[in-house]
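All remarks here apply to the structure that follows.
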Number of protein chains: 2
Amino acid sequence: MPDTYVSNPSFFKLDATLKKIRNYWQKTFDAHCKEITVDQWLLLENLHKHKKITHNELARLTSKDITTISRIIELMVKKGLVLREAAQNDRRKVFLQLTPLGNEKYKDVRPLVLEMRKTGWKDLTEKDYVELTRILDVIYHNIP
Amino acid sequence: MPDTYVSNPSFFKLDATLKKIRNYWQKTFDAHCKEITVDQWLLLENLHKHKKITHNELARLTSKDITTISRIIELMVKKGLVLREAAQNDRRKVFLQLTPLGNEKYKDVRPLVLEMRKTGWKDLTEKDYVELTRILDVIYHNIP
DNA sequence: TAGCAATAGTTGTATTAGCAACTATAAGTA
DNA sequence: TACTTATAGTTGCTAATACAACTATTGCTA
């Protein structure tokens, strides 16, 4: 591998792109008074999809630390979006699920998210999507 | 664009990959007792390259908020890596530059970074690098 | 059964992130 | 010159991140 790749800041480009996306999403949420953060949205999306899961499972699904999950969920419980429910057969576990308000919020915010994804992918093809996915997967699995 | 791309979590994959890289870098720094964070390294790298720049310029170069720069630099000054120097002709400006210790730190950490970049790019080609760069650039510029 | 390891989750602490509000200085304009 | 606007940077606040240390519970094993 030529030194140019090695010295070229791909990490930086990933970081800058992600920050741009994150900022755009947050500003759009704010502009539409959705009162939700980008990461809270990610948890909302996963809770909507998986219905009833634990902190640990949510952490694995979102690539977030379980302590981070614990704190974001705390905020979402305070907002009335999420319900914590102790598991019957294992008193260490806590099941998480969306409240009716949480489900409403999901339906309310989702169209915005679809629009924003479209905006980001404008002028890119299916092949580009496959390529990006492939390359990121290789990088991900290269790292111990 | 088919709905699969729109609904597919490319944001999530970017986030997960970046987190994986960031974690790996930090753990490697820690394992070698470099006493530096990933973002402090990014500033160190830019200060080494540009010698003498302001907070604002550093913010633009790193895609970071100027408040974030201000606080990271604060920590680096405390560590003796960076020197703040008031500009002569404009008393609002502060020039930043590496101390001799900062330059040492750069030379000390850089080999680790090169190694880690190689690890991440293992099994990927020059074409992959160009593709990734191109796609991320398009996404970046798609976003208002 | 007693003891130890593993698992689920929380709390403490430090770092990064970004917005709003602030001070200080410089530049442009009536 | 006086007033307004723009620029450079800091501070307050809230959120997300990650490691370490902790509690509580479960499972394994001698």
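Residue numbering restarts at 1 in every chain; chains get A, B, ... in the order shown in the structure tokens, and ligands count up from 1 in that same order.
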(request) Could you list, as a PyMOL selection string, the residues of chain C having an atom within 12 Å of chain B when counting only C-alpha atoms (C1' of nucleotides)? (result) chain C and resi 14-20+23-27
(message) Considering only helix (DSSP H, G or I) as DSSP defines it on the backbone, what residues of chain A qualify? List them as a PyMOL selection string.
(response) chain A and resi 3-7+10-31+38-50+55-62+66-78+100-121+126-142
(message) Please check the contacts: residues of chain D at most 12 Å away from chain B, using only C-alpha atoms (C1' of nucleotides), listed as number ranges by chain.
(response) D: 7-12, 17-19
Please report as CSV every residue of chain A lying within 7 Å of chain B, along with the nearest atom pair and their distance in Å (one decimal), using only C-alpha atoms.
```
residue,atom,partner,partner_atom,distance
A:Val6,CA,B:Arg117,CA,5.4
A:Ser7,CA,B:Leu114,CA,6.7
A:Leu14,CA,B:Leu18,CA,6.7
A:Asp15,CA,B:Leu18,CA,6.9
A:Ala16,CA,B:Ser63,CA,5.8
A:Thr17,CA,B:Tyr140,CA,5.5
A:Leu18,CA,B:Leu14,CA,6.8
A:Lys20,CA,B:Tyr140,CA,6.7
A:Ser63,CA,B:Ala16,CA,5.9
A:Leu114,CA,B:Val6,CA,6.2
A:Arg117,CA,B:Val6,CA,5.5
A:Lys118,CA,B:Val6,CA,5.8
A:Thr119,CA,B:Asn142,CA,6.4
A:Gly120,CA,B:Ile139,CA,5.1
A:Trp121,CA,B:Ile139,CA,6.2
A:Lys122,CA,B:Asn142,CA,6.6
A:Asp128,CA,B:Ile135,CA,6.9
A:Leu132,CA,B:Leu132,CA,6.2
A:Ile135,CA,B:Asp128,CA,6.9
A:Leu136,CA,B:Thr17,CA,6.5
A:Ile139,CA,B:Gly120,CA,5.1
A:Tyr140,CA,B:Thr17,CA,5.5
A:Asn142,CA,B:Gly120,CA,5.4
A:Ile143,CA,B:Gly120,CA,5.9
```
(message) Set the distance at 8 Å and use only C-alpha atoms (C1' of nucleotides): which residues neighbour A:Gly80 once local chain neighbours fewer than 6 positions away are removed? I'd like the list as a list of chain:residue names.
(response) A:Thr99, A:Leu101, A:Gly102
